[in-house]
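Enquirer: Following this line is protein.txt, made up of compact mmCIF, C-alpha atoms:
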```txt
# COMPACT_ATOMS: atom_id res chain seq x y z
CA MET A 1 118.35 15.64 169.02
CA ALA A 2 117.29 12.43 167.39
CA GLU A 3 118.96 12.80 164.01
CA LYS A 4 122.43 14.17 163.43
CA LYS A 5 122.54 17.56 161.85
CA SER A 6 125.43 18.99 159.89
CA LEU A 7 127.46 21.76 161.50
CA ARG A 8 126.02 24.24 159.04
CA GLN A 9 122.50 23.33 160.12
CA GLU A 10 123.51 23.68 163.78
CA LEU A 11 124.70 27.17 163.00
CA THR A 12 121.79 28.39 160.93
CA LYS A 13 118.92 26.84 162.89
CA GLY A 14 119.26 29.55 165.55
CA PHE A 15 118.79 32.39 163.07
CA ILE A 16 115.24 31.68 162.01
CA ILE A 17 113.83 28.17 162.41
CA GLU A 18 114.67 27.91 166.10
CA ASN A 19 115.23 31.59 166.83
CA PRO A 20 115.56 31.59 170.63
CA VAL A 21 113.55 34.76 171.12
CA LEU A 22 110.85 34.65 168.47
CA ARG A 23 110.33 30.88 168.18
CA LEU A 24 111.41 29.34 171.48
CA VAL A 25 110.34 32.39 173.55
CA LEU A 26 113.42 32.32 175.76
CA GLY A 27 115.24 35.28 177.27
CA THR A 28 112.19 37.52 177.23
CA CYS A 29 113.36 39.73 180.11
CA PRO A 30 116.55 41.10 178.51
CA THR A 31 114.82 41.23 175.13
CA LEU A 32 112.17 43.58 176.43
CA ALA A 33 114.46 45.57 178.68
CA VAL A 34 117.43 46.43 176.49
CA SER A 35 115.67 46.78 173.14
CA THR A 36 115.17 50.53 173.58
CA SER A 37 118.09 51.35 171.30
CA VAL A 38 119.97 49.38 168.66
CA GLU A 39 123.30 50.15 170.31
CA ASN A 40 122.22 48.59 173.63
CA ALA A 41 120.66 45.65 171.84
CA LEU A 42 123.84 44.87 169.92
CA GLY A 43 125.97 45.25 173.07
CA MET A 44 123.70 42.91 175.02
CA GLY A 45 123.52 40.46 172.13
CA ILE A 46 127.27 40.26 171.77
CA ALA A 47 127.85 39.91 175.52
CA ALA A 48 125.28 37.11 175.74
CA THR A 49 126.71 35.40 172.63
CA ILE A 50 130.19 35.31 174.14
CA VAL A 51 128.85 33.83 177.38
CA LEU A 52 126.76 31.37 175.41
CA ILE A 53 129.66 30.09 173.33
CA CYS A 54 132.05 29.84 176.29
CA SER A 55 129.55 28.15 178.60
CA ASN A 56 128.43 25.74 175.87
CA VAL A 57 132.04 24.73 175.24
CA ALA A 58 132.86 24.35 178.95
CA ILE A 59 129.70 22.42 179.78
CA SER A 60 130.05 20.18 176.76
CA ALA A 61 133.67 19.41 177.68
CA LEU A 62 132.61 18.63 181.27
CA ARG A 63 129.43 16.74 180.35
CA LYS A 64 130.83 13.32 181.31
CA VAL A 65 132.20 14.62 184.65
CA ILE A 66 129.12 16.45 185.92
CA PRO A 67 126.75 14.10 187.77
CA SER A 68 123.28 14.49 186.29
CA LYS A 69 121.63 15.06 189.68
CA VAL A 70 123.51 18.27 190.39
CA ARG A 71 123.87 19.39 186.80
CA ILE A 72 121.72 22.52 187.05
CA PRO A 73 123.78 24.09 189.89
CA CYS A 74 126.97 23.13 188.04
CA PHE A 75 125.75 24.79 184.85
CA VAL A 76 124.81 27.91 186.80
CA VAL A 77 128.27 28.17 188.34
CA VAL A 78 129.99 27.79 184.96
CA ILE A 79 127.71 30.39 183.39
CA ALA A 80 128.15 32.78 186.34
CA ALA A 81 131.93 32.57 186.01
CA PHE A 82 131.83 33.55 182.33
CA VAL A 83 129.31 36.31 183.02
CA SER A 84 131.65 37.78 185.65
CA LEU A 85 134.48 37.75 183.11
CA VAL A 86 132.38 39.47 180.45
CA GLN A 87 131.18 41.97 183.06
CA MET A 88 134.76 42.90 183.92
CA PHE A 89 135.68 43.27 180.24
CA VAL A 90 132.69 45.49 179.53
CA LYS A 91 133.38 47.61 182.64
CA ALA A 92 136.97 48.10 181.53
CA PHE A 93 136.56 48.65 177.78
CA ALA A 94 132.99 49.91 177.31
CA PRO A 95 131.92 51.74 180.48
CA ALA A 96 129.09 53.52 178.63
CA LEU A 97 127.57 50.15 177.66
CA ASP A 98 127.94 48.94 181.25
CA GLU A 99 126.05 52.02 182.37
CA SER A 100 123.16 51.58 179.93
CA LEU A 101 122.77 47.82 180.36
CA GLY A 102 122.81 48.25 184.15
CA ILE A 103 121.71 45.19 186.10
CA PHE A 104 120.92 43.30 182.91
CA LEU A 105 124.61 42.57 182.44
CA PRO A 106 124.93 40.44 185.62
CA LEU A 107 121.46 39.07 184.89
CA ILE A 108 122.81 37.22 181.84
CA VAL A 109 123.43 34.49 184.45
CA VAL A 110 119.72 33.76 184.65
CA ASN A 111 119.04 34.27 180.95
CA CYS A 112 117.00 31.20 180.04
CA ILE A 113 118.63 30.93 176.61
CA ILE A 114 122.02 30.13 178.10
CA LEU A 115 120.81 27.65 180.71
CA GLY A 116 118.38 26.28 178.17
CA ARG A 117 121.08 25.57 175.59
CA ALA A 118 123.33 24.09 178.28
CA GLU A 119 120.56 21.71 179.32
CA ALA A 120 119.12 20.94 175.89
CA PHE A 121 122.25 20.88 173.74
CA ALA A 122 125.68 21.24 175.33
CA SER A 123 125.12 18.53 177.96
CA LYS A 124 124.34 16.01 175.20
CA ASN A 125 126.69 16.96 172.37
CA SER A 126 130.43 17.19 171.83
CA VAL A 127 132.45 20.38 172.00
CA ILE A 128 132.51 21.61 168.40
CA PRO A 129 128.77 21.29 167.66
CA SER A 130 128.10 22.94 171.04
CA ALA A 131 130.28 25.92 170.19
CA ILE A 132 128.57 26.24 166.80
CA ASP A 133 125.16 25.92 168.45
CA GLY A 134 126.11 28.68 170.92
CA LEU A 135 127.26 30.93 168.10
CA GLY A 136 124.11 30.34 166.05
CA MET A 137 121.75 30.86 168.99
CA GLY A 138 123.72 33.95 170.02
CA ILE A 139 123.41 35.45 166.57
CA GLY A 140 119.70 34.62 166.54
CA PHE A 141 119.28 36.34 169.92
CA THR A 142 121.26 39.39 168.75
CA PHE A 143 119.27 39.55 165.53
CA ALA A 144 115.90 39.43 167.29
CA LEU A 145 117.04 42.02 169.84
CA ALA A 146 118.36 44.37 167.15
CA LEU A 147 115.21 44.01 165.05
CA MET A 148 113.02 44.86 168.00
CA ALA A 149 115.28 47.71 169.04
CA ALA A 150 115.28 49.16 165.52
CA ILE A 151 111.47 49.23 165.45
CA ARG A 152 111.20 50.72 168.93
CA GLU A 153 113.94 53.30 168.37
CA PHE A 154 112.54 54.40 165.02
CA PHE A 155 108.97 54.88 166.20
CA GLY A 156 109.79 56.01 169.72
CA ALA A 157 112.57 58.50 169.04
CA GLY A 158 111.91 59.32 165.40
CA ALA A 159 115.53 58.58 164.64
CA LEU A 160 117.47 55.43 164.02
CA THR A 161 121.20 54.88 164.17
CA ILE A 162 122.69 51.55 163.21
CA LYS A 163 126.43 51.35 163.56
CA VAL A 164 128.62 48.29 163.50
CA LEU A 165 132.35 48.85 163.98
CA GLY A 166 132.09 52.52 163.08
CA LYS A 167 130.21 51.89 159.83
CA GLY A 168 126.51 52.25 159.39
CA PHE A 169 123.78 54.71 158.71
CA SER A 170 121.33 56.87 160.54
CA ILE A 171 117.98 58.35 159.71
CA ASP A 172 116.39 61.21 161.57
CA ILE A 173 112.84 62.19 160.71
CA THR A 174 112.10 64.25 163.82
CA GLU A 175 112.35 67.53 161.89
CA GLN A 176 110.07 66.38 159.08
CA LEU A 177 107.63 65.15 161.72
CA ALA A 178 107.77 68.44 163.59
CA ALA A 179 107.14 70.31 160.33
CA ILE A 180 103.76 68.61 159.99
CA GLY A 181 103.08 68.98 163.71
CA LEU A 182 103.77 65.40 164.82
CA GLU A 183 105.96 63.96 167.52
CA PRO A 184 107.65 60.57 167.79
CA ILE A 185 105.50 57.95 169.55
CA LEU A 186 107.34 58.03 172.86
CA ILE A 187 105.40 55.06 174.26
CA PHE A 188 107.31 52.71 171.95
CA ILE A 189 110.45 53.34 174.01
CA LEU A 190 108.57 52.92 177.29
CA ALA A 191 107.60 49.58 178.84
CA PRO A 192 104.19 49.11 177.13
CA GLY A 193 105.77 49.60 173.70
CA GLY A 194 108.20 46.78 174.45
CA PHE A 195 105.41 44.30 175.16
CA PHE A 196 103.44 45.49 172.13
CA VAL A 197 106.29 45.27 169.60
CA PHE A 198 107.32 41.88 170.97
CA GLY A 199 103.75 40.61 170.66
CA MET A 200 103.52 41.82 167.07
CA LEU A 201 106.87 40.27 166.12
CA ILE A 202 105.82 36.92 167.59
CA ALA A 203 102.54 37.15 165.68
CA LEU A 204 104.53 37.77 162.49
CA ALA A 205 106.90 34.88 163.23
CA ASN A 206 103.87 32.65 163.91
CA LYS A 207 102.29 33.67 160.62
CA ILE A 208 105.47 32.86 158.71
CA ALA A 209 105.86 29.57 160.57
CA GLU A 210 102.25 28.66 159.87
CA ASN A 211 102.68 29.26 156.15
CA ASN A 212 105.64 26.90 156.24
CA GLY A 213 103.71 24.30 158.21
CA LYS A 214 105.66 24.78 161.46
CA PRO A 215 104.00 24.94 164.90
CA LYS A 216 103.26 28.26 166.60
CA ALA A 217 105.44 29.66 169.34
CA THR A 218 103.71 29.09 172.66
CA LEU A 219 104.34 29.78 176.29
CA ASN A 220 101.25 28.15 177.69
CA GLY A 221 102.95 25.81 180.06
CA CYS A 222 106.38 25.06 181.34
CA GLU A 223 107.73 22.97 178.49
CA GLY A 224 109.81 25.83 177.13
CA CYS A 225 111.47 26.46 180.47
CA PRO A 226 114.95 24.98 180.95
CA MET A 227 114.07 24.21 184.56
CA ALA A 228 111.13 22.04 183.57
CA SER A 229 112.90 18.78 184.37
CA ALA A 230 113.93 19.97 187.83
CA CYS A 231 110.63 21.58 188.67
CA ALA A 232 107.43 20.23 190.17
CA VAL A 233 105.09 22.84 188.71
CA LYS A 234 103.65 21.29 185.61
CA ILE A 235 101.09 23.25 183.70
CA SER A 236 100.30 21.30 180.59
CA ASP A 237 98.77 22.86 177.51
CA GLU A 238 95.43 21.12 178.00
CA GLU A 239 95.20 22.17 181.61
CA ALA A 240 96.10 25.73 180.73
CA SER A 241 93.64 26.00 177.89
CA ALA A 242 90.88 24.45 179.99
CA GLN A 243 90.97 27.53 182.22
CA MET B 1 109.62 56.14 208.11
CA LYS B 2 108.84 58.40 205.18
CA MET B 3 111.89 57.09 203.38
CA PHE B 4 110.79 53.47 203.86
CA LEU B 5 107.32 54.25 202.56
CA THR B 6 108.84 55.96 199.51
CA ILE B 7 111.04 52.94 198.76
CA LEU B 8 108.14 50.55 199.27
CA LEU B 9 105.67 52.44 197.08
CA THR B 10 108.27 53.13 194.39
CA ALA B 11 109.09 49.44 194.18
CA ILE B 12 105.42 48.42 194.02
CA LEU B 13 104.01 51.08 191.71
CA THR B 14 106.39 53.32 189.75
CA ASP B 15 109.26 50.89 189.35
CA ASN B 16 107.08 47.80 189.17
CA PHE B 17 109.44 44.88 188.66
CA VAL B 18 107.47 43.16 185.96
CA LEU B 19 105.80 45.98 184.10
CA SER B 20 108.44 48.67 184.07
CA LYS B 21 111.70 46.91 184.84
CA PHE B 22 110.97 43.76 182.78
CA LEU B 23 112.17 41.35 185.44
CA GLY B 24 110.46 37.99 185.93
CA ILE B 25 108.68 38.04 182.58
CA CYS B 26 108.82 34.24 182.18
CA PRO B 27 106.66 33.45 185.22
CA PHE B 28 104.55 36.52 184.45
CA LEU B 29 103.61 35.07 181.07
CA GLY B 30 103.87 31.39 181.94
CA VAL B 31 102.22 31.02 185.33
CA SER B 32 99.52 33.71 185.10
CA LYS B 33 96.83 31.55 183.49
CA LYS B 34 95.24 30.62 186.79
CA LEU B 35 94.63 33.12 189.56
CA GLU B 36 95.43 30.53 192.20
CA THR B 37 98.79 29.55 190.69
CA ALA B 38 99.66 33.20 190.14
CA ALA B 39 99.04 34.00 193.80
CA GLY B 40 100.98 30.95 195.02
CA MET B 41 103.96 31.71 192.83
CA SER B 42 103.99 35.35 193.93
CA ALA B 43 103.88 34.43 197.61
CA ALA B 44 106.89 32.16 197.10
CA VAL B 45 108.71 34.93 195.22
CA ILE B 46 108.10 37.47 198.02
CA PHE B 47 109.41 34.98 200.57
CA VAL B 48 112.55 34.13 198.59
CA MET B 49 113.25 37.78 197.73
CA LEU B 50 113.13 38.81 201.39
CA LEU B 51 115.23 35.88 202.48
CA SER B 52 117.90 36.29 199.81
CA SER B 53 118.21 40.02 200.42
CA ALA B 54 118.57 39.37 204.13
CA VAL B 55 121.36 36.86 203.48
CA THR B 56 123.22 38.50 200.58
CA TRP B 57 123.41 41.99 202.09
CA PRO B 58 125.60 40.96 205.07
CA ILE B 59 127.68 38.68 202.83
CA ASN B 60 128.33 41.53 200.44
CA THR B 61 129.02 44.16 203.08
CA TYR B 62 131.05 42.18 205.58
CA LEU B 63 132.73 39.65 203.31
CA LEU B 64 133.05 40.85 199.74
CA VAL B 65 133.48 44.61 200.15
CA LYS B 66 135.77 44.20 203.18
CA ASN B 67 138.11 41.95 201.21
CA ASP B 68 137.92 43.75 197.85
CA LEU B 69 136.11 40.85 196.27
CA GLU B 70 133.25 42.78 194.68
CA TYR B 71 133.94 41.20 191.32
CA LEU B 72 132.69 37.89 192.74
CA GLN B 73 129.24 39.35 193.45
CA THR B 74 127.43 37.70 190.55
CA ILE B 75 128.75 34.21 191.29
CA VAL B 76 128.30 34.49 195.04
CA PHE B 77 124.77 35.86 194.81
CA ILE B 78 123.48 33.22 192.41
CA LEU B 79 125.07 30.45 194.47
CA VAL B 80 123.67 31.81 197.72
CA ILE B 81 120.20 32.13 196.21
CA ALA B 82 120.32 28.61 194.74
CA ALA B 83 121.58 27.07 197.98
CA LEU B 84 119.06 29.03 200.03
CA VAL B 85 116.13 27.95 197.89
CA GLN B 86 117.23 24.34 198.15
CA LEU B 87 117.61 24.63 201.92
CA VAL B 88 114.21 26.22 202.37
CA GLU B 89 112.68 23.50 200.25
CA ILE B 90 114.21 20.75 202.38
CA ILE B 91 113.20 22.43 205.65
CA LEU B 92 109.64 23.04 204.49
CA LYS B 93 109.28 19.49 203.22
CA LYS B 94 110.41 18.04 206.53
CA TYR B 95 108.77 20.31 209.08
CA MET B 96 105.92 22.15 207.38
CA PRO B 97 104.40 19.81 204.79
CA ALA B 98 101.21 21.92 204.51
CA LEU B 99 103.15 25.04 203.58
CA TYR B 100 105.39 22.98 201.33
CA ASN B 101 102.43 21.72 199.37
CA SER B 102 101.17 25.23 198.71
CA LEU B 103 104.49 27.09 198.22
CA GLY B 104 107.22 24.51 197.90
CA ILE B 105 106.49 23.40 194.37
CA TYR B 106 107.32 26.86 193.05
CA LEU B 107 110.69 27.05 194.76
CA PRO B 108 112.97 25.37 192.16
CA LEU B 109 111.44 27.61 189.51
CA ILE B 110 112.51 30.67 191.46
CA THR B 111 116.25 29.95 191.44
CA THR B 112 116.56 31.04 187.85
CA ASN B 113 113.99 33.80 188.13
CA CYS B 114 115.73 37.01 187.19
CA ALA B 115 113.53 39.02 189.53
CA VAL B 116 115.18 37.49 192.61
CA LEU B 117 118.76 38.02 191.45
CA GLY B 118 117.63 41.40 190.10
CA VAL B 119 116.39 42.68 193.45
CA VAL B 120 119.56 41.53 195.18
CA VAL B 121 121.80 43.25 192.63
CA LEU B 122 119.64 46.39 192.71
CA ASN B 123 119.90 46.63 196.50
CA ILE B 124 123.67 46.68 196.20
CA ASP B 125 123.66 49.02 193.17
CA LYS B 126 121.53 51.59 194.95
CA SER B 127 123.72 51.18 198.07
CA PHE B 128 120.72 50.61 200.33
CA THR B 129 121.21 49.90 204.03
CA PHE B 130 120.12 46.55 205.44
CA SER B 131 116.63 47.67 206.42
CA GLN B 132 116.17 49.62 203.20
CA SER B 133 117.12 46.49 201.25
CA LEU B 134 114.49 44.46 203.06
CA VAL B 135 111.82 47.09 202.39
CA ASN B 136 112.83 47.30 198.73
CA SER B 137 112.63 43.51 198.40
CA LEU B 138 109.23 43.44 200.04
CA GLY B 139 108.04 46.15 197.65
CA ALA B 140 109.47 44.36 194.64
CA GLY B 141 107.76 41.13 195.70
CA LEU B 142 104.43 42.84 196.34
CA GLY B 143 104.72 44.61 192.99
CA PHE B 144 105.33 41.25 191.32
CA MET B 145 102.26 39.85 193.06
CA LEU B 146 100.12 42.83 192.07
CA ALA B 147 101.13 42.51 188.42
CA MET B 148 100.65 38.73 188.40
CA VAL B 149 97.23 38.78 190.03
CA MET B 150 95.98 41.68 187.90
CA PHE B 151 97.22 40.03 184.75
CA ALA B 152 95.72 36.65 185.68
CA GLY B 153 92.37 38.45 185.94
CA VAL B 154 92.84 40.06 182.52
CA ARG B 155 93.77 36.75 180.95
CA GLU B 156 90.72 34.98 182.36
CA ARG B 157 88.57 37.58 180.62
CA MET B 158 90.54 37.21 177.41
CA GLU B 159 89.73 33.51 177.16
CA THR B 160 86.22 34.25 175.96
CA SER B 161 87.08 37.00 173.48
CA ASP B 162 87.40 36.59 169.74
CA VAL B 163 91.01 37.14 168.75
CA PRO B 164 92.40 37.41 165.17
CA LYS B 165 93.94 34.10 164.14
CA SER B 166 97.59 35.15 163.95
CA LEU B 167 97.42 36.91 167.30
CA ARG B 168 95.98 33.96 169.21
CA GLY B 169 98.01 32.65 172.13
CA LEU B 170 101.22 34.39 173.06
CA PRO B 171 100.96 37.55 170.87
CA ILE B 172 97.62 38.67 172.29
CA THR B 173 98.92 37.92 175.79
CA LEU B 174 101.82 40.30 175.16
CA VAL B 175 99.49 42.97 173.80
CA ALA B 176 97.36 42.59 176.94
CA ALA B 177 100.51 42.89 179.05
CA SER B 178 101.30 46.06 177.15
CA LEU B 179 97.91 47.53 178.09
CA VAL B 180 98.37 46.55 181.74
CA ALA B 181 101.80 48.25 181.59
CA VAL B 182 100.14 51.42 180.28
CA SER B 183 98.06 51.54 183.45
CA PHE B 184 101.24 51.41 185.52
CA LEU B 185 102.69 54.32 183.53
CA GLY B 186 99.98 56.38 185.23
CA PHE B 187 101.83 55.98 188.52
CA THR B 188 104.86 57.91 187.25
CA GLY B 189 105.55 60.71 189.69
CA VAL B 190 102.77 59.68 192.07
CA VAL B 191 105.11 58.56 194.86
CA ASP B 192 107.21 61.73 194.69
CA GLY B 193 103.94 63.68 194.67
CA ILE B 194 102.64 62.08 197.86
CA PHE B 195 105.73 62.92 199.88
CA ALA B 196 106.59 66.23 198.26
```
As a first step, turn the structure in this file into structure tokens.
Expert:
Amino acid sequence: MAEKKSLRQELTKGFIIENPVLRLVLGTCPTLAVSTSVENALGMGIAATIVLICSNVAISALRKVIPSKVRIPCFVVVIAAFVSLVQMFVKAFAPALDESLGIFLPLIVVNCIILGRAEAFASKNSVIPSAIDGLGMGIGFTFALALMAAIREFFGAGALTIKVLGKGFSIDITEQLAAIGLEPILIFILAPGGFFVFGMLIALANKIAENNGKPKATLNGCEGCPMASACAVKISDEEASAQ
Amino acid sequence: MKMFLTILLTAILTDNFVLSKFLGICPFLGVSKKLETAAGMSAAVIFVMLLSSAVTWPINTYLLVKNDLEYLQTIVFILVIAALVQLVEIILKKYMPALYNSLGIYLPLITTNCAVLGVVVLNIDKSFTFSQSLVNSLGAGLGFMLAMVMFAGVRERMETSDVPKSLRGLPITLVAASLVAVSFLGFTGVVDGIFA
């Protein structure tokens, strides 16, 4: 964060330019796992966004108190506390969502986006920009998840339902498909489809970035990982590409 | 015995942690460039998974459940795993420098690996007994290793192939992962079949 950005830029950078999933390649595990239906994706996205905003605010407020040597464990504890809260809320008010997200709800604790933002942004900036950054990154995460889920649901189930607060639309082409003797491509919902759609979306994001003169998204080494500074495994790009 | 074998094989093949449960994708994509690193990382993961299951199971059963504190599970588990990893690192560094040099460097990376927290949470979710938990963790770790090592082999081959420009790098890696995942789909039902 060399130059100061306006609050609006902090908010919008997470949507596209620094989209945490498609550009920074963070939080791949939940992205792949819960993007089987748009409903799950939105639920996961919102839960993670709430944790992200709260933990960014708390960590930013505590940034002068936390000694830098033990900052990672401190961040993890703060994040885990908020995740537990969100978990209890979801269990109480949306038990169906709790059921379908399964272990991925507690696993928000180890979602690299949250720890990554804590380390890269909240620990260096004041409270308000950190909250805005959390909101922007959360929306970017939710957007990428929902996009992937929409593609997978449409191809994999032949039907797509997008509903936000009771309003939305749904398409169902299973009958038309059956009429011409076709079935939905089930594999899109299964694990391989997740990897495939994710790969294609990253390729698309890379193409768009390239046309705008931005670098490609890479995960060749450890530089994207929030633990990089605390970790002794260093696989640099040159070393990795020399293999 | 049959039950343990079923749990073990299910965790390795049908419910492979990386390729069908999507846990530990970051190291799967990030550390699988070299076969040697992939194997080292996996060995460390197996070790930490076994150890954390062995420690968290009694804590959960005798401390949290007994005192109606189940809602603290997430916090307690992540803290226990983090502390444990740190402890192991210190002990290895002091007493077994040779082992530390080959495994130790991967340890900090593992704290935030969702596969480790995932296996611990799964053990509790499926209400496994202590020994079942250990077997499940071993299977999960071995499954992680299998996927990592297989994928490292695939990636080494991919280095020499001609890939369309936009797909170069991460996208083609994900497509390759997708194909490896297809092969694991073939195991669906196999474990139930063996012991039917």
Enquirer: Using all atoms listed in the file and a distance of at most 6 Å, pull out the residues of chain B that contact chain A, as a list of chain:residue names.
Expert: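 Result: B:Ser20, B:Phe22, B:Leu23, B:Ile25, B:Gly30, B:Ile75, B:Ile105, B:Pro108, B:Thr112, B:Cys114, B:Ser166, B:Leu167, B:Leu170, B:Pro171, B:Leu174, B:Val175, B:Ser178, B:Ala181, B:Val182.
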Enquirer: Between CA of Thr10 (chain B) and CA of Val45 (chain B), what distance in Å does the model show, to one decimal?
Expert: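 Distance between the two atoms: 18.2 Å.
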Enquirer: Contacts of Leu147 (chain A) at 10 Å or less, counting all atoms listed in the file, minus same-chain residues fewer than 4 places along, as a list in words?
Expert: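 Listing them by chain and then by number gives Ser35, Val38, Ala41, Leu42, Phe141, Thr142, Phe143, Ile151, Arg152, Glu153 and Leu201 of chain A.
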Enquirer: In Å, how far is it from CA of Gly40 (chain B) to CA of Phe28 (chain B)?
Expert: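 Between CA of Gly40 (chain B) and CA of Phe28 (chain B) the gap is 12.5 Å.
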Enquirer: Give as number ranges by chain every residue, naming chains and numbers as the document does, that has an atom within 10 Å of (117.7, 50.1, 198.6), counting only C-alpha atoms.
Expert: B: 4, 7-8, 11, 119-137
Enquirer: With C-alpha atoms retained, could you export that selection as a PDB file, in the coordinates of the input?
Expert:
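Done, and the output landed in out34.pdb:
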```
ATOM      1  CA  PHE B   4     110.790  53.470 203.860  1.00  0.00           C
ATOM      2  CA  ILE B   7     111.040  52.940 198.760  1.00  0.00           C
ATOM      3  CA  LEU B   8     108.140  50.550 199.270  1.00  0.00           C
ATOM      4  CA  ALA B  11     109.090  49.440 194.180  1.00  0.00           C
ATOM      5  CA  VAL B 119     116.390  42.680 193.450  1.00  0.00           C
ATOM      6  CA  VAL B 120     119.560  41.530 195.180  1.00  0.00           C
ATOM      7  CA  VAL B 121     121.800  43.250 192.630  1.00  0.00           C
ATOM      8  CA  LEU B 122     119.640  46.390 192.710  1.00  0.00           C
ATOM      9  CA  ASN B 123     119.900  46.630 196.500  1.00  0.00           C
ATOM     10  CA  ILE B 124     123.670  46.680 196.200  1.00  0.00           C
ATOM     11  CA  ASP B 125     123.660  49.020 193.170  1.00  0.00           C
ATOM     12  CA  LYS B 126     121.530  51.590 194.950  1.00  0.00           C
ATOM     13  CA  SER B 127     123.720  51.180 198.070  1.00  0.00           C
ATOM     14  CA  PHE B 128     120.720  50.610 200.330  1.00  0.00           C
ATOM     15  CA  THR B 129     121.210  49.900 204.030  1.00  0.00           C
ATOM     16  CA  PHE B 130     120.120  46.550 205.440  1.00  0.00           C
ATOM     17  CA  SER B 131     116.630  47.670 206.420  1.00  0.00           C
ATOM     18  CA  GLN B 132     116.170  49.620 203.200  1.00  0.00           C
ATOM     19  CA  SER B 133     117.120  46.490 201.250  1.00  0.00           C
ATOM     20  CA  LEU B 134     114.490  44.460 203.060  1.00  0.00           C
ATOM     21  CA  VAL B 135     111.820  47.090 202.390  1.00  0.00           C
ATOM     22  CA  ASN B 136     112.830  47.300 198.730  1.00  0.00           C
ATOM     23  CA  SER B 137     112.630  43.510 198.400  1.00  0.00           C
TER      24      SER B 137
END
```
Enquirer: Can you measure CA of Ser60 (chain A) to CA of Ser130 (chain A) for me? One decimal in Å is fine.
Expert: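 Going from CA of Ser60 (chain A) over to CA of Ser130 (chain A), I get 6.6 Å.
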Enquirer: Out of B:Leu9, B:Ala176, B:Met150, B:Met1, which residue has the shortest atom-to-atom distance to Gly189 (chain B) when counting only C-alpha atoms?
Expert: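 For Gly189 (chain B), the nearest of the candidates is B:Leu9.
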Enquirer: Can you list, as a list of chain:residue names, every protein, DNA or RNA residue that comes within 7 Å of region 151-155 of chain B when you count only C-alpha atoms, leaving out same-chain residues fewer than 4 positions away?
Expert: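 The neighbour list is B:Ser32, B:Lys33, B:Lys34, B:Leu35, B:Ala38, B:Ala147, B:Glu159.
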Enquirer: List the neighbours of Phe144 (chain B) out to 9 Å using all atoms listed in the file; skip same-chain residues closer than 3 positions along the sequence, and give me the result as a list in words.
Expert: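 Here the qualifying residues turn out to be Ile12, Asn16, Phe17, Val18, Leu19, Gly24, Phe28, Ser42, Val45, Ile46, Ala115, Gly139, Ala140, Gly141, Ala147, Met148 and Val149 of chain B.
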Enquirer: Can I get the selection written as a short mmCIF file (atom, residue, chain, number, x, y, z; two decimals), in the frame of the given file, with C-alpha atoms?
Expert:
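Output contents, as saved in again.cif:
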```
data_model
loop_
_atom_site.label_atom_id
_atom_site.label_comp_id
_atom_site.auth_asym_id
_atom_site.auth_seq_id
_atom_site.Cartn_x
_atom_site.Cartn_y
_atom_site.Cartn_z
CA ILE B 12 105.42 48.42 194.02
CA ASN B 16 107.08 47.80 189.17
CA PHE B 17 109.44 44.88 188.66
CA VAL B 18 107.47 43.16 185.96
CA LEU B 19 105.80 45.98 184.10
CA GLY B 24 110.46 37.99 185.93
CA PHE B 28 104.55 36.52 184.45
CA SER B 42 103.99 35.35 193.93
CA VAL B 45 108.71 34.93 195.22
CA ILE B 46 108.10 37.47 198.02
CA ALA B 115 113.53 39.02 189.53
CA GLY B 139 108.04 46.15 197.65
CA ALA B 140 109.47 44.36 194.64
CA GLY B 141 107.76 41.13 195.70
CA ALA B 147 101.13 42.51 188.42
CA MET B 148 100.65 38.73 188.40
CA VAL B 149 97.23 38.78 190.03
#
```
Enquirer: Tell me which of B:Lys21, B:Ser161, B:Cys26, B:Ala44 sits closest to Leu99 (chain B), counting only C-alpha atoms.
Expert: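 Nearest to Leu99 (chain B): B:Ala44.
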Enquirer: Select, from A:Ile139, A:Ile173, A:Ile180, A:Met148, the residue with the minimum atom-to-atom distance to Thr36 (chain A), counting all atoms listed in the file.
Expert: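 Using all atoms listed in the file, the shortest distance to Thr36 (chain A) belongs to A:Met148.
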